[in-house]
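Dumped protein_35.txt below, it's compact mmCIF, C-alpha atoms:
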```
# COMPACT_ATOMS: atom_id res chain seq x y z
CA MET R 1 84.60 136.88 76.32
CA SER R 2 81.59 138.93 77.32
CA LEU R 3 81.33 140.48 80.76
CA SER R 4 77.75 139.18 81.00
CA SER R 5 79.09 135.64 81.39
CA LEU R 6 80.92 136.66 84.55
CA LEU R 7 77.87 138.49 85.85
CA LEU R 8 75.79 135.33 86.01
CA PRO R 9 74.22 135.25 89.52
CA ALA R 10 75.62 131.74 90.13
CA VAL R 11 79.18 132.85 89.24
CA LEU R 12 78.80 136.00 91.35
CA PHE R 13 77.75 133.88 94.32
CA PHE R 14 80.80 131.69 93.76
CA ALA R 15 82.92 134.86 93.91
CA LEU R 16 81.08 135.93 97.07
CA GLY R 17 81.97 132.58 98.66
CA VAL R 18 85.65 133.11 97.79
CA ILE R 19 85.58 136.70 99.12
CA ALA R 20 83.79 135.66 102.34
CA ARG R 21 86.59 133.22 103.01
CA LEU R 22 89.39 135.62 102.05
CA ILE R 23 88.10 138.39 104.36
CA LYS R 24 87.80 135.74 107.09
CA SER R 25 84.04 136.22 107.49
CA ASP R 26 82.47 134.04 110.19
CA LEU R 27 79.96 132.81 107.59
CA LYS R 28 79.63 129.05 107.82
CA PHE R 29 77.34 126.70 105.99
CA PRO R 30 76.01 123.60 107.69
CA PRO R 31 78.24 120.57 107.11
CA ASP R 32 77.15 118.46 104.16
CA LEU R 33 75.21 121.37 102.60
CA ALA R 34 77.06 121.18 99.27
CA LYS R 35 76.55 117.40 99.22
CA VAL R 36 72.81 117.81 99.85
CA LEU R 37 72.54 120.53 97.22
CA SER R 38 74.50 118.50 94.68
CA ILE R 39 72.09 115.58 95.20
CA TYR R 40 69.19 117.95 94.46
CA LEU R 41 70.97 119.41 91.41
CA LEU R 42 71.79 115.98 89.98
CA MET R 43 68.24 114.80 90.66
CA ALA R 44 66.67 117.86 88.98
CA ILE R 45 68.95 117.78 85.96
CA GLY R 46 68.54 113.99 85.72
CA LEU R 47 64.71 114.17 85.77
CA HIS R 48 64.74 116.98 83.23
CA GLY R 49 67.27 115.24 80.99
CA GLY R 50 65.56 111.85 81.23
CA TYR R 51 62.26 113.42 80.17
CA GLU R 52 63.95 114.96 77.11
CA LEU R 53 66.02 111.86 76.36
CA ALA R 54 62.91 109.71 76.15
CA LYS R 55 62.28 111.52 72.87
CA ALA R 56 65.93 111.31 71.75
CA ASP R 57 67.66 109.37 68.99
CA ILE R 58 69.02 106.06 70.39
CA ALA R 59 71.88 105.96 67.83
CA VAL R 60 73.17 109.40 68.91
CA ALA R 61 72.74 108.45 72.57
CA PHE R 62 74.83 105.31 71.96
CA GLN R 63 77.51 107.31 70.11
CA SER R 64 77.62 109.78 73.00
CA ILE R 65 78.19 106.94 75.47
CA VAL R 66 81.02 105.53 73.34
CA TRP R 67 82.70 108.95 73.11
CA ALA R 68 82.21 109.54 76.83
CA LEU R 69 84.03 106.25 77.50
CA ILE R 70 86.82 107.18 75.08
CA LEU R 71 87.26 110.57 76.78
CA GLY R 72 87.04 109.05 80.25
CA PHE R 73 89.74 106.48 79.48
CA THR R 74 92.03 108.74 77.41
CA LEU R 75 92.15 112.02 79.36
CA PRO R 76 93.68 110.54 82.52
CA ILE R 77 96.41 108.89 80.44
CA ILE R 78 97.24 112.26 78.80
CA GLY R 79 97.26 113.86 82.26
CA TYR R 80 99.44 111.10 83.71
CA LEU R 81 102.04 111.35 80.93
CA ALA R 82 102.13 115.15 81.25
CA LEU R 83 102.56 114.97 85.04
CA VAL R 84 105.29 112.33 84.88
CA ALA R 85 107.07 114.43 82.25
CA THR R 86 107.19 117.41 84.65
CA ARG R 87 109.22 115.24 87.10
CA LYS R 88 107.61 117.24 89.91
CA VAL R 89 105.46 114.41 91.27
CA ASN R 90 106.03 110.72 91.82
CA PRO R 91 104.08 108.27 89.60
CA LEU R 92 101.57 107.45 92.35
CA ASP R 93 100.68 111.12 92.83
CA ALA R 94 100.48 111.45 89.03
CA ALA R 95 98.06 108.48 88.84
CA ALA R 96 95.81 109.90 91.57
CA ILE R 97 95.79 113.43 90.13
CA SER R 98 95.15 112.32 86.55
CA ALA R 99 92.15 110.19 87.66
CA HIS R 100 90.51 113.43 88.83
CA TYR R 101 90.99 115.01 85.40
CA GLY R 102 89.48 112.12 83.48
CA SER R 103 86.37 112.21 85.65
CA VAL R 104 83.94 115.12 85.70
CA SER R 105 82.58 117.84 87.95
CA ALA R 106 78.80 118.04 87.96
CA GLY R 107 79.06 121.52 89.55
CA THR R 108 81.02 122.85 86.57
CA PHE R 109 78.62 121.17 84.13
CA LEU R 110 75.59 122.73 85.85
CA THR R 111 77.24 126.16 85.84
CA ALA R 112 77.78 125.71 82.10
CA ILE R 113 74.07 124.94 81.68
CA ALA R 114 73.20 128.09 83.66
CA TYR R 115 75.55 130.01 81.36
CA LEU R 116 73.88 128.64 78.22
CA ASP R 117 70.37 129.25 79.62
CA ASN R 118 71.35 132.82 80.43
CA LEU R 119 72.45 133.40 76.83
CA SER R 120 69.38 131.47 75.52
CA VAL R 121 71.69 129.06 73.66
CA GLU R 122 70.07 125.72 72.78
CA TYR R 123 71.92 122.51 73.65
CA GLU R 124 71.42 118.77 73.24
CA THR R 125 70.63 116.62 76.30
CA TYR R 126 73.07 113.86 75.28
CA PRO R 127 75.98 115.44 77.23
CA LEU R 128 73.96 114.61 80.34
CA ILE R 129 74.33 110.89 79.65
CA MET R 130 78.02 111.56 79.03
CA LEU R 131 78.22 113.26 82.46
CA ALA R 132 76.92 110.07 84.11
CA VAL R 133 79.14 107.78 82.02
CA MET R 134 82.32 109.83 82.56
CA GLU R 135 82.17 109.75 86.39
CA SER R 136 83.75 106.30 86.66
CA PRO R 137 86.17 105.20 83.87
CA ALA R 138 88.90 107.57 85.06
CA ILE R 139 88.85 105.92 88.50
CA VAL R 140 89.56 102.59 86.79
CA VAL R 141 92.40 104.15 84.77
CA GLY R 142 93.77 105.75 87.96
CA LEU R 143 93.79 102.34 89.68
CA ILE R 144 95.59 100.70 86.76
CA LEU R 145 98.15 103.52 86.51
CA ALA R 146 98.74 103.32 90.27
CA ALA R 147 99.23 99.53 90.10
CA LYS R 148 101.79 100.00 87.29
CA ALA R 149 103.50 102.79 89.24
CA ARG R 150 103.81 100.53 92.29
CA GLN R 151 105.42 97.81 90.17
CA THR R 152 107.87 100.34 88.70
CA ILE R 153 108.76 101.71 92.14
CA ALA R 154 109.16 98.18 93.58
CA ALA R 155 111.40 97.14 90.67
CA ARG R 156 113.46 100.33 90.98
CA ASP R 157 113.92 99.92 94.73
CA GLY R 158 114.61 96.19 94.38
CA LEU R 159 111.66 95.25 96.58
CA ALA R 160 110.23 91.76 96.58
CA LYS R 161 107.07 91.07 94.61
CA SER R 162 103.86 90.64 96.60
CA THR R 163 103.18 87.24 98.12
CA PRO R 164 100.29 85.18 96.62
CA ASP R 165 98.13 86.16 99.63
CA GLU R 166 98.87 89.86 99.14
CA ALA R 167 98.27 89.54 95.39
CA SER R 168 94.87 87.95 95.94
CA ALA R 169 93.96 90.63 98.54
CA GLU R 170 94.97 93.30 96.01
CA LYS R 171 92.84 91.63 93.36
CA SER R 172 89.75 91.55 95.61
CA ASN R 173 90.42 95.19 96.60
CA PHE R 174 90.58 96.07 92.92
CA LYS R 175 87.22 94.38 92.27
CA GLU R 176 85.70 96.21 95.23
CA MET R 177 87.04 99.52 93.92
CA LEU R 178 85.59 98.81 90.47
CA ARG R 179 82.19 98.14 92.01
CA ASP R 180 82.46 101.35 94.04
CA ALA R 181 83.48 103.32 90.93
CA PHE R 182 80.35 102.31 89.05
CA THR R 183 77.91 102.53 91.96
CA ASN R 184 79.06 105.81 93.49
CA GLY R 185 76.33 108.12 94.76
CA SER R 186 76.45 110.71 91.96
CA VAL R 187 76.08 108.03 89.27
CA VAL R 188 73.14 106.37 91.08
CA VAL R 189 71.30 109.71 91.60
CA LEU R 190 71.89 110.90 88.05
CA ILE R 191 71.13 107.68 86.16
CA GLY R 192 68.23 106.81 88.48
CA SER R 193 66.65 110.26 88.02
CA MET R 194 67.15 110.05 84.26
CA ILE R 195 65.31 106.72 84.15
CA ILE R 196 62.51 108.09 86.34
CA GLY R 197 62.29 111.18 84.11
CA ALA R 198 62.10 108.98 81.00
CA ILE R 199 59.45 106.53 82.21
CA ALA R 200 57.34 108.66 84.58
CA ASP R 201 53.85 109.75 83.60
CA PRO R 202 54.19 113.21 81.90
CA SER R 203 51.33 114.69 83.95
CA GLY R 204 53.14 113.65 87.13
CA MET R 205 56.30 115.26 85.78
CA ASP R 206 54.38 118.52 85.20
CA LYS R 207 53.59 118.63 88.91
CA LEU R 208 57.33 118.39 89.62
CA LYS R 209 58.07 121.45 87.46
CA PRO R 210 58.48 123.88 90.38
CA PHE R 211 60.97 121.46 91.95
CA ILE R 212 62.89 120.71 88.76
CA ASP R 213 62.88 124.07 86.98
CA GLU R 214 61.80 127.01 89.09
CA ILE R 215 64.08 126.69 92.08
CA PHE R 216 66.99 125.14 90.15
CA MET R 217 68.98 128.36 89.57
CA GLY R 218 68.51 129.49 93.17
CA VAL R 219 69.84 126.19 94.48
CA LEU R 220 72.76 126.38 92.02
CA CYS R 221 73.60 129.85 93.43
CA LEU R 222 73.57 128.47 96.98
CA PHE R 223 75.70 125.48 95.90
CA LEU R 224 78.29 127.71 94.20
CA PHE R 225 78.27 130.11 97.18
CA ASP R 226 79.28 127.19 99.41
CA MET R 227 81.72 125.84 96.82
CA GLY R 228 83.37 129.29 96.59
CA MET R 229 84.19 129.02 100.28
CA VAL R 230 85.44 125.44 99.90
CA ALA R 231 87.60 126.41 96.91
CA ALA R 232 89.05 129.45 98.69
CA ARG R 233 90.07 127.22 101.60
CA ARG R 234 92.11 125.18 99.10
CA ILE R 235 93.61 128.20 97.29
CA GLY R 236 95.60 128.71 100.49
CA ASP R 237 97.40 125.42 99.77
CA PHE R 238 98.59 126.82 96.43
CA LYS R 239 102.17 127.21 97.70
CA GLN R 240 102.30 123.57 98.74
CA VAL R 241 101.55 122.25 95.24
CA GLY R 242 104.10 124.51 93.54
CA ILE R 243 103.94 126.49 90.34
CA VAL R 244 104.36 123.55 87.94
CA LEU R 245 101.46 121.58 89.41
CA ALA R 246 99.33 124.72 89.67
CA ALA R 247 100.02 125.32 85.96
CA PHE R 248 98.86 121.75 85.30
CA GLY R 249 95.57 122.68 87.01
CA VAL R 250 95.01 125.31 84.33
CA VAL R 251 96.61 123.69 81.26
CA MET R 252 94.99 120.25 81.68
CA PRO R 253 91.41 121.64 81.60
CA LEU R 254 92.33 123.62 78.50
CA VAL R 255 93.60 120.43 76.81
CA GLY R 256 90.52 118.48 77.94
CA GLY R 257 88.27 121.37 76.88
CA VAL R 258 89.73 121.50 73.36
CA VAL R 259 89.49 117.70 72.98
CA GLY R 260 85.93 117.73 74.34
CA VAL R 261 84.70 120.56 72.12
CA TYR R 262 86.30 118.82 69.12
CA VAL R 263 84.52 115.53 69.96
CA GLY R 264 81.22 117.37 70.48
CA ALA R 265 81.48 119.43 67.30
CA SER R 266 83.13 117.02 64.86
CA MET R 267 82.44 113.49 66.08
CA LEU R 268 78.96 113.95 67.52
CA ASP R 269 77.77 116.82 65.30
CA PHE R 270 76.34 118.71 68.24
CA SER R 271 75.23 122.35 68.16
CA VAL R 272 77.40 125.09 69.73
CA GLY R 273 75.73 124.55 73.12
CA GLY R 274 76.10 120.76 73.00
CA ALA R 275 79.74 120.91 71.84
CA MET R 276 80.53 123.39 74.62
CA LEU R 277 79.02 121.04 77.21
CA VAL R 278 81.20 118.16 75.97
CA GLY R 279 84.14 120.57 76.23
CA VAL R 280 83.20 121.31 79.84
CA LEU R 281 83.06 117.56 80.56
CA GLY R 282 86.55 117.14 79.11
CA ALA R 283 87.85 120.14 81.04
CA SER R 284 86.40 119.54 84.48
CA ALA R 285 88.02 117.62 87.31
CA SER R 286 86.11 115.58 89.88
CA TYR R 287 86.02 116.57 93.54
CA ILE R 288 83.22 114.35 94.84
CA ALA R 289 83.57 110.83 93.43
CA VAL R 290 87.31 110.50 92.78
CA PRO R 291 88.99 111.84 95.99
CA PRO R 292 87.56 109.16 98.32
CA ALA R 293 88.30 106.48 95.70
CA MET R 294 91.93 107.61 95.48
CA ARG R 295 92.22 107.91 99.27
CA LEU R 296 91.26 104.26 99.48
CA ALA R 297 93.05 102.84 96.46
CA VAL R 298 96.15 105.05 96.27
CA PRO R 299 96.78 105.95 99.93
CA GLU R 300 100.44 106.66 99.13
CA ALA R 301 99.44 109.70 97.02
CA ASN R 302 99.31 113.10 98.70
CA PRO R 303 95.63 114.20 98.97
CA SER R 304 96.66 117.87 99.23
CA PHE R 305 97.87 117.71 95.63
CA TYR R 306 94.73 116.39 94.01
CA LEU R 307 92.27 118.26 96.23
CA THR R 308 94.03 121.59 95.79
CA LEU R 309 94.28 121.11 92.05
CA SER R 310 90.70 120.01 91.42
CA LEU R 311 88.90 122.20 93.99
CA GLY R 312 91.24 125.16 94.44
CA ILE R 313 92.52 125.70 90.91
CA THR R 314 90.63 123.86 88.16
CA PHE R 315 87.09 124.35 89.49
CA PRO R 316 87.37 128.17 89.89
CA PHE R 317 89.28 128.41 86.59
CA ASN R 318 86.54 126.57 84.70
CA VAL R 319 83.67 128.45 86.36
CA ILE R 320 85.15 131.89 85.77
CA VAL R 321 87.36 131.62 82.67
CA GLY R 322 86.93 128.17 81.12
CA ILE R 323 83.20 128.08 80.39
CA PRO R 324 83.12 131.27 78.24
CA LEU R 325 86.33 130.08 76.58
CA TYR R 326 84.88 126.67 75.63
CA HIS R 327 81.79 128.48 74.36
CA ALA R 328 83.92 130.66 72.08
CA LEU R 329 85.83 127.58 70.94
CA ALA R 330 82.58 125.71 70.21
CA LYS R 331 81.33 128.69 68.19
CA ALA R 332 84.55 128.64 66.15
CA MET R 333 84.46 124.85 65.59
CA VAL R 334 80.74 124.45 64.88
CA GLY R 335 80.69 127.64 62.83
CA MET M 1 79.52 102.31 145.43
CA VAL M 2 79.47 101.34 141.77
CA SER M 3 82.33 99.05 140.70
CA LEU M 4 84.59 100.21 137.89
CA TYR M 5 86.54 97.92 135.54
CA SER M 6 89.64 98.85 133.56
CA GLU M 7 89.49 98.58 129.78
CA LYS M 8 91.42 100.01 126.83
CA MET M 9 89.99 102.45 124.33
CA LEU M 10 91.36 102.40 120.80
CA ASN M 11 91.05 105.77 119.04
CA ILE M 12 91.62 106.08 115.31
CA ILE M 13 91.52 109.33 113.32
CA SER M 14 91.03 108.53 109.66
CA ASN M 15 89.54 109.86 106.45
CA ASP M 16 85.88 108.87 106.17
CA SER M 17 86.58 106.90 102.99
CA LEU M 18 88.12 104.23 105.25
CA GLU M 19 85.08 103.95 107.51
CA GLU M 20 83.67 100.84 105.88
CA LYS M 21 87.05 99.07 105.93
CA LEU M 22 87.57 99.85 109.61
CA ILE M 23 84.11 98.54 110.49
CA CYS M 24 84.80 95.34 108.51
CA MET M 25 88.04 94.94 110.44
CA PHE M 26 86.27 95.39 113.82
CA LYS M 27 83.62 92.84 112.87
CA LYS M 28 86.27 90.40 111.69
CA TYR M 29 87.98 90.54 115.08
CA GLY M 30 84.72 90.31 117.03
CA VAL M 31 84.53 93.83 118.39
CA SER M 32 81.16 94.25 120.12
CA GLY M 33 80.63 97.90 119.20
CA TYR M 34 82.18 101.15 118.05
CA THR M 35 81.41 104.88 117.98
CA ILE M 36 82.22 107.15 115.04
CA LEU M 37 82.35 110.95 115.20
CA THR M 38 82.96 113.45 112.42
CA ALA M 39 86.27 115.23 112.91
CA ARG M 40 88.32 117.98 111.34
CA GLY M 41 91.85 119.16 111.76
CA GLU M 42 95.30 119.42 110.28
CA GLY M 43 98.21 117.02 110.26
CA SER M 44 100.83 115.32 108.12
CA SER M 45 98.37 114.85 105.25
CA GLY M 46 97.27 118.50 105.25
CA TYR M 47 94.07 120.20 106.37
CA VAL M 48 90.90 118.14 106.47
CA SER M 49 87.62 119.92 107.06
CA ASP M 50 84.08 118.73 107.43
CA MET M 51 83.08 121.80 105.42
CA SER M 52 80.40 120.81 102.93
CA GLY M 53 80.94 117.14 103.55
CA PHE M 54 83.79 116.74 101.07
CA ASP M 55 86.85 115.03 102.37
CA THR M 56 85.79 114.55 105.96
CA ASN M 57 87.74 112.93 108.78
CA ILE M 58 86.31 110.61 111.37
CA LEU M 59 87.29 109.71 114.90
CA VAL M 60 86.57 106.06 115.68
CA LYS M 61 86.39 104.87 119.28
CA VAL M 62 86.38 101.25 120.34
CA ILE M 63 86.50 99.92 123.90
CA LEU M 64 87.82 96.40 124.34
CA PRO M 65 89.81 94.22 126.72
CA GLU M 66 93.58 94.61 126.41
CA SER M 67 93.93 90.92 125.48
CA ARG M 68 92.08 91.54 122.17
CA MET M 69 93.83 94.80 121.29
CA GLN M 70 97.02 93.40 119.73
CA VAL M 71 95.43 91.64 116.76
CA ILE M 72 93.50 94.79 115.83
CA LEU M 73 96.58 96.96 116.17
CA GLU M 74 98.46 94.65 113.80
CA SER M 75 95.71 95.06 111.22
CA VAL M 76 95.74 98.86 111.68
CA GLU M 77 99.51 98.87 111.29
CA ARG M 78 99.19 97.03 107.96
CA LYS M 79 96.90 99.81 106.74
CA ILE M 80 99.40 102.47 107.81
CA LYS M 81 102.19 100.61 105.99
CA LYS M 82 100.06 100.68 102.84
CA GLY M 83 100.15 104.48 103.07
CA HIS M 84 96.84 105.31 104.78
CA HIS M 85 97.13 108.33 107.04
CA LEU M 86 95.82 107.06 110.35
CA THR M 87 96.43 108.57 113.76
CA VAL M 88 96.11 105.83 116.36
CA TYR M 89 96.28 106.12 120.13
CA ILE M 90 95.12 104.08 123.07
CA THR M 91 93.72 105.40 126.31
CA ASN M 92 92.91 103.76 129.61
CA VAL M 93 89.26 103.94 130.53
CA GLU M 94 87.07 102.64 133.31
CA VAL M 95 83.68 101.18 132.59
CA ILE M 96 80.79 100.01 134.70
CA SER M 97 79.66 97.11 132.53
CA PRO M 98 82.66 95.16 131.20
CA GLU M 99 80.48 92.38 129.77
CA LYS M 100 79.38 94.87 127.06
CA PHE M 101 82.90 94.99 125.66
CA ALA M 102 83.90 91.39 126.16
CA LYS M 103 81.04 89.99 124.11
CA LYS M 104 81.85 89.20 120.50
CA ASN M 105 79.49 90.04 117.67
CA GLY M 106 77.37 87.43 115.98
```
As structure tokens, what does this structure read like?
Amino acid sequence: MSLSSLLLPAVLFFALGVIARLIKSDLKFPPDLAKVLSIYLLMAIGLHGGYELAKADIAVAFQSIVWALILGFTLPIIGYLALVATRKVNPLDAAAISAHYGSVSAGTFLTAIAYLDNLSVEYETYPLIMLAVMESPAIVVGLILAAKARQTIAARDGLAKSTPDEASAEKSNFKEMLRDAFTNGSVVVLIGSMIIGAIADPSGMDKLKPFIDEIFMGVLCLFLFDMGMVAARRIGDFKQVGIVLAAFGVVMPLVGGVVGVYVGASMLDFSVGGAMLVGVLGASASYIAVPPAMRLAVPEANPSFYLTLSLGITFPFNVIVGIPLYHALAKAMVG
Amino acid sequence: MVSLYSEKMLNIISNDSLEEKLICMFKKYGVSGYTILTARGEGSSGYVSDMSGFDTNILVKVILPESRMQVILESVERKIKKGHHLTVYITNVEVISPEKFAKKNG
């Protein structure tokens, strides 16, 4: 792992955010800043990707979507089984946590792109479609796992089954959650911007260049600066989650990263850069789309567990250690 | 001298992901209005900050006649039983225009 990867301005700003929090600096960003910045980042990357994808091979794009769905549905199940096997969390917590690991973190993905750009490594734009596709399936899997877990707990405790009224309310809640999963803000911004990028007049797109390209890295630095402070706030909860769960926050991204790089390199025949990006998708855990979905659908689960794991452990791990690691892995697999 | 009328104020501290559900519930029971503020703090479900807009709490305030409070409280209680972390308390308030709070929506 080269030191230059850690000396990326965006990563250094992330570290500055962590340090600012640890030394108890009075630095404070306006509320919602990271949300605003992430809308910009998704919009810029979406416009850029859509423009490139308009020239892309439809068959490969379709294959990428299929593999994104497979990853999105499989990874949370692997995570759930691993968590249940540790016997450190109840099945409802396991369902909520694993949903985060099947979904993706756009912040990690964008840091990976900054990393590749810094090393002048070429990459395919298909992983961008995968980023949009992988936001939601894990939420669906999380809901199904939670429903199963509730049945198991009810059977174990000898509780009565839900009344027909309760069952129909649960069903309509489930439908509502499904709709929310596929229409969440990140998905709408990313897919919408990709479509605009693909169909917009190229001369109009040229005028957007300063917005899409030139300020992108600066905004990413600001975003990661803020996220460093958010992550550091969660690192403090490390003791609450315990060593086994904290270890899950490091091991699960490694498992997802290996699976992702393998899919990118062997199944999709991507270059080193493309395979690494699929690895990052497999490795990252959501902190924007999934937490509110789990708060609503699995209120019994402890939010401290999944927020600390995804924001306080997995996100910093991927940004600092994971990305260069998945790059090395992609180099070894693609050859 | 302005006349004052006694009413009840329902206060709910909740995660913002429940905002839509709470509003639906108020509308269902004919609440004439509500006020929502962003909130942060720490409690049984851990620390919740408004930092960066992720995982924010809200404080919902609704003023209504005591006679209409019970049905809403029952609905809130059902949510708590489902596992949602809600902090609920009621305060006595005095208002100058009670007709504002008695009127049902729609």
Contacts of Leu281 (chain R) within 10 Å, only C-alpha atoms, excl. fewer than 6 positions in-chain, as a list in words: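 After dropping sequence-adjacent residues, the list is Ala68, Leu71, Gly72, Tyr101, Gly102, Ser103, Val104, Ser105, Ala106, Thr108, Phe109, Ala112, Pro127, Leu128, Met130, Leu131, Met134, Glu135, Pro253, Gly256, Gly257, Val259, Gly260, Val261 and Ala275 of chain R.
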Leu37 (chain M) surroundings by only C-alpha atoms, 8 Å radius, close-in-sequence under 2 positions cut, as a PyMOL selection string: chain M and resi 35+39+58-60
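Between Pro292 (chain R) and the candidates M:Glu20, M:Glu7, M:Glu66, M:Glu74, the tightest atom-to-atom separation, counting all atoms listed in the file, involves M:Glu20.
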Mind running chain R against chain M at 9 Å and telling me each contacting residue's nearest atom pair with the distance in Å (one decimal), counting only C-alpha atoms, chain and number ascending, as CSV?
```
residue,atom,partner,partner_atom,distance
R:Lys28,CA,M:Met51,CA,8.4
R:Phe29,CA,M:Ser52,CA,7.3
R:Pro30,CA,M:Ser52,CA,7.1
R:Pro31,CA,M:Ser52,CA,4.7
R:Asp32,CA,M:Gly53,CA,4.1
R:Leu33,CA,M:Ser52,CA,5.2
R:Ala34,CA,M:Ser52,CA,5.0
R:Lys35,CA,M:Gly53,CA,6.2
R:Val36,CA,M:Ser52,CA,8.7
R:Asp226,CA,M:Ser52,CA,7.4
R:Met227,CA,M:Ser52,CA,8.0
R:Met229,CA,M:Met51,CA,8.9
R:Val230,CA,M:Met51,CA,7.0
R:Asp237,CA,M:Gly46,CA,8.8
R:Tyr287,CA,M:Phe54,CA,7.9
R:Ile288,CA,M:Phe54,CA,6.7
R:Pro291,CA,M:Asp55,CA,7.4
R:Pro292,CA,M:Ser17,CA,5.3
R:Ala293,CA,M:Ser17,CA,7.5
R:Arg295,CA,M:Ser17,CA,6.8
R:Leu296,CA,M:Ser17,CA,6.4
R:Val298,CA,M:Gly83,CA,7.9
R:Pro299,CA,M:Gly83,CA,4.8
R:Glu300,CA,M:Gly83,CA,4.5
R:Ala301,CA,M:Gly83,CA,8.0
R:Asn302,CA,M:Ser45,CA,6.8
R:Pro303,CA,M:Ser45,CA,6.9
R:Ser304,CA,M:Gly46,CA,6.1
R:Leu307,CA,M:Asp55,CA,8.8
```
Shell around region 192-207 of chain R at 7 Å using all atoms listed in the file, local window under 5 positions removed, as a VMD selection string: chain R and resid 43 46 to 51 53 to 54
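Rounded to one decimal, CA of Ser64 (chain R) and CA of Ala328 (chain R) lie 21.8 Å from each other.
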CA of Ser6 (chain M) to CA of Thr38 (chain M), distance in Å rounded to a single decimal: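 Those two atoms sit 26.5 Å apart.
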Gap from CA of Thr308 (chain R) to CA of Arg234 (chain R) - Å, one decimal: 5.2 Å
Selection near region 262-274 of chain R, 12 Å with all atoms listed in the file, sequence-local residues under 3 positions removed, as a ChimeraX atom specification: /R:59-71,109,112-128,130,255-259,277-282,323-324,326-335
For those residues, write C-alpha atoms to a file as an mmCIF file, keeping the file's coordinate frame.
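Result written to part-v6.cif:
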```cif
data_model
loop_
_atom_site.group_PDB
_atom_site.id
_atom_site.type_symbol
_atom_site.label_atom_id
_atom_site.label_comp_id
_atom_site.auth_asym_id
_atom_site.auth_seq_id
_atom_site.Cartn_x
_atom_site.Cartn_y
_atom_site.Cartn_z
ATOM 1 C CA ALA R 59 71.880 105.960 67.830
ATOM 2 C CA VAL R 60 73.170 109.400 68.910
ATOM 3 C CA ALA R 61 72.740 108.450 72.570
ATOM 4 C CA PHE R 62 74.830 105.310 71.960
ATOM 5 C CA GLN R 63 77.510 107.310 70.110
ATOM 6 C CA SER R 64 77.620 109.780 73.000
ATOM 7 C CA ILE R 65 78.190 106.940 75.470
ATOM 8 C CA VAL R 66 81.020 105.530 73.340
ATOM 9 C CA TRP R 67 82.700 108.950 73.110
ATOM 10 C CA ALA R 68 82.210 109.540 76.830
ATOM 11 C CA LEU R 69 84.030 106.250 77.500
ATOM 12 C CA ILE R 70 86.820 107.180 75.080
ATOM 13 C CA LEU R 71 87.260 110.570 76.780
ATOM 14 C CA PHE R 109 78.620 121.170 84.130
ATOM 15 C CA ALA R 112 77.780 125.710 82.100
ATOM 16 C CA ILE R 113 74.070 124.940 81.680
ATOM 17 C CA ALA R 114 73.200 128.090 83.660
ATOM 18 C CA TYR R 115 75.550 130.010 81.360
ATOM 19 C CA LEU R 116 73.880 128.640 78.220
ATOM 20 C CA ASP R 117 70.370 129.250 79.620
ATOM 21 C CA ASN R 118 71.350 132.820 80.430
ATOM 22 C CA LEU R 119 72.450 133.400 76.830
ATOM 23 C CA SER R 120 69.380 131.470 75.520
ATOM 24 C CA VAL R 121 71.690 129.060 73.660
ATOM 25 C CA GLU R 122 70.070 125.720 72.780
ATOM 26 C CA TYR R 123 71.920 122.510 73.650
ATOM 27 C CA GLU R 124 71.420 118.770 73.240
ATOM 28 C CA THR R 125 70.630 116.620 76.300
ATOM 29 C CA TYR R 126 73.070 113.860 75.280
ATOM 30 C CA PRO R 127 75.980 115.440 77.230
ATOM 31 C CA LEU R 128 73.960 114.610 80.340
ATOM 32 C CA MET R 130 78.020 111.560 79.030
ATOM 33 C CA VAL R 255 93.600 120.430 76.810
ATOM 34 C CA GLY R 256 90.520 118.480 77.940
ATOM 35 C CA GLY R 257 88.270 121.370 76.880
ATOM 36 C CA VAL R 258 89.730 121.500 73.360
ATOM 37 C CA VAL R 259 89.490 117.700 72.980
ATOM 38 C CA LEU R 277 79.020 121.040 77.210
ATOM 39 C CA VAL R 278 81.200 118.160 75.970
ATOM 40 C CA GLY R 279 84.140 120.570 76.230
ATOM 41 C CA VAL R 280 83.200 121.310 79.840
ATOM 42 C CA LEU R 281 83.060 117.560 80.560
ATOM 43 C CA GLY R 282 86.550 117.140 79.110
ATOM 44 C CA ILE R 323 83.200 128.080 80.390
ATOM 45 C CA PRO R 324 83.120 131.270 78.240
ATOM 46 C CA TYR R 326 84.880 126.670 75.630
ATOM 47 C CA HIS R 327 81.790 128.480 74.360
ATOM 48 C CA ALA R 328 83.920 130.660 72.080
ATOM 49 C CA LEU R 329 85.830 127.580 70.940
ATOM 50 C CA ALA R 330 82.580 125.710 70.210
ATOM 51 C CA LYS R 331 81.330 128.690 68.190
ATOM 52 C CA ALA R 332 84.550 128.640 66.150
ATOM 53 C CA MET R 333 84.460 124.850 65.590
ATOM 54 C CA VAL R 334 80.740 124.450 64.880
ATOM 55 C CA GLY R 335 80.690 127.640 62.830
#
```
Residue nearest Lys61 (chain M) among M:Val95, M:Ile90, M:Ala102, M:Val76 (counting all atoms listed in the file): M:Ile90
Closest of R:Val140, R:Ile45, R:Ala10, R:Ala20 to Phe211 (chain R) - atom-to-atom distances counting all atoms listed in the file: R:Ile45
Counting only C-alpha atoms, the option among R:Ser310, R:Tyr80, R:Lys175, R:Gly185 closest to Lys148 (chain R):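 Ranking R:Ser310, R:Tyr80, R:Lys175, R:Gly185 by distance to Lys148 (chain R), first place goes to R:Tyr80.
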Region 22-34 of chain M surroundings by only C-alpha atoms, 10 Å radius, close-in-sequence under 3 positions cut, as a PyMOL selection string: chain M and resi 10+12+14+16-19+60-65+68-69+71-72+75-76+79+99-106
